[in-house]
Amino acid sequence: MEKLMFLTKFLRSPRNIGSVTPSSRFLAKAMVKPVDWNSAKHIAELGAGTGVFTKQIDRLRLPDCKVVVFEQDRNMRKRLEHLYPGLYYHHDACDISSAMKQYGINQFDYILSGLPFTNFSQKLRDEIMDEVERALKPGGTFVAFQFSLQMKKQLAERFGDISLEFVPMNVLPAFVYCCRKIK
């Protein structure tokens, strides 16, 4: 059911979905690996889709960790709200600041992203990344996966400390960027 929903959404709007199938458990594991679950108080997930990463976040977070899930597709977001009622939900990753005010969050410790940046205009990438930079606390971490190295230069310019992990066990194989905000 989940894979069919994802494929249908992809066929209707490939620029917004970015893949024909949800991420693998191997990619999900790589995405949540950088998070220090004992100290994380505020986490955002951008582009949650069918909730492959959301499931891991909800399972691993401590009870006092506040998680805001951003998903533009209304049906996917409603499904996630039903599956993970203890999390907070917002529709627009370009509006992280507003969601933070709404949910009483000063800054995020971690922001995880499944957004298909390659499919976005440079203007939209910049808007989202400006929001990410403002929303992350100093020392906070931005974790994103992409199917190419296209975002490497842009992320290196924004974050002083980035590392890459290649995850071959995914359709398509993916790169996980782990970017720490220095200041």
# chains A, B, ... in the order shown; residues from 1 in each chain; ligands from 1
>>> select_by_dssp(residues="region 42-139 of chain A", states="strand (DSSP E)", output="PyMOL selection string")
chain A and resi 42-46+66-70+88-90+108-113+136-139
>>> select_by_dssp(residues="region 25-179 of chain A", states="alpha helix (DSSP H)", output="MDAnalysis selection string")
chainID A and resid 25:32 52:60 74:83 96:103 122:135 152:158
>>> residues_around(residues="Phe159 (chain A)", least_positions_apart="2", cutoff="7 Å", atoms="only C-alpha atoms", output="PyMOL selection string")
chain A and resi 155-157+161-162+179-182
>>> residues_around(residues="Leu124 (chain A)", least_positions_apart="5", cutoff="12 Å", atoms="only C-alpha atoms", output="NGL selection string")
:A and (16 or 92-95 or 115-119 or 129-131)
>>> residues_around(residues="Glu165 (chain A)", least_positions_apart="4", cutoff="9 Å", atoms="only C-alpha atoms", output="list of chain:residue names")
A:Ala30, A:Ala174, A:Phe175, A:Val176, A:Tyr177, A:Cys178
>>> write_last_selection(atoms="C-alpha atoms", output="PDB file, in the first residue's frame")
ATOM      1  CA  ALA A  30      22.051   6.007   7.833  1.00  0.00           C
ATOM      2  CA  ALA A 174      22.081   7.546  -2.175  1.00  0.00           C
ATOM      3  CA  PHE A 175      24.523   9.905  -0.505  1.00  0.00           C
ATOM      4  CA  VAL A 176      23.817  10.986   3.080  1.00  0.00           C
ATOM      5  CA  TYR A 177      25.180  14.431   3.875  1.00  0.00           C
ATOM      6  CA  CYS A 178      25.858  15.144   7.550  1.00  0.00           C
TER       7      CYS A 178
END
>>> atom_distance(atom1="CA of Ser98 (chain A)", atom2="CA of Gln150 (chain A)")
28.5 Å
>>> residues_around(residues="region 25-27 of chain A", least_positions_apart="5", cutoff="9 Å", atoms="only C-alpha atoms", output="list in words")
Val32, Val52, Phe53, Phe145, Val167, Pro168, Met169, Asn170, Pro173, Ala174, Phe175 and Val176 of chain A
>>> residues_around(residues="Ile96 (chain A)", least_positions_apart="4", cutoff="10 Å", atoms="only C-alpha atoms", output="ChimeraX atom specification")
/A:44,46,68,70,90-92,100-102,128,130-132,134-135
>>> atom_distance(atom1="CA of Val171 (chain A)", atom2="CA of Leu149 (chain A)")
16.2 Å
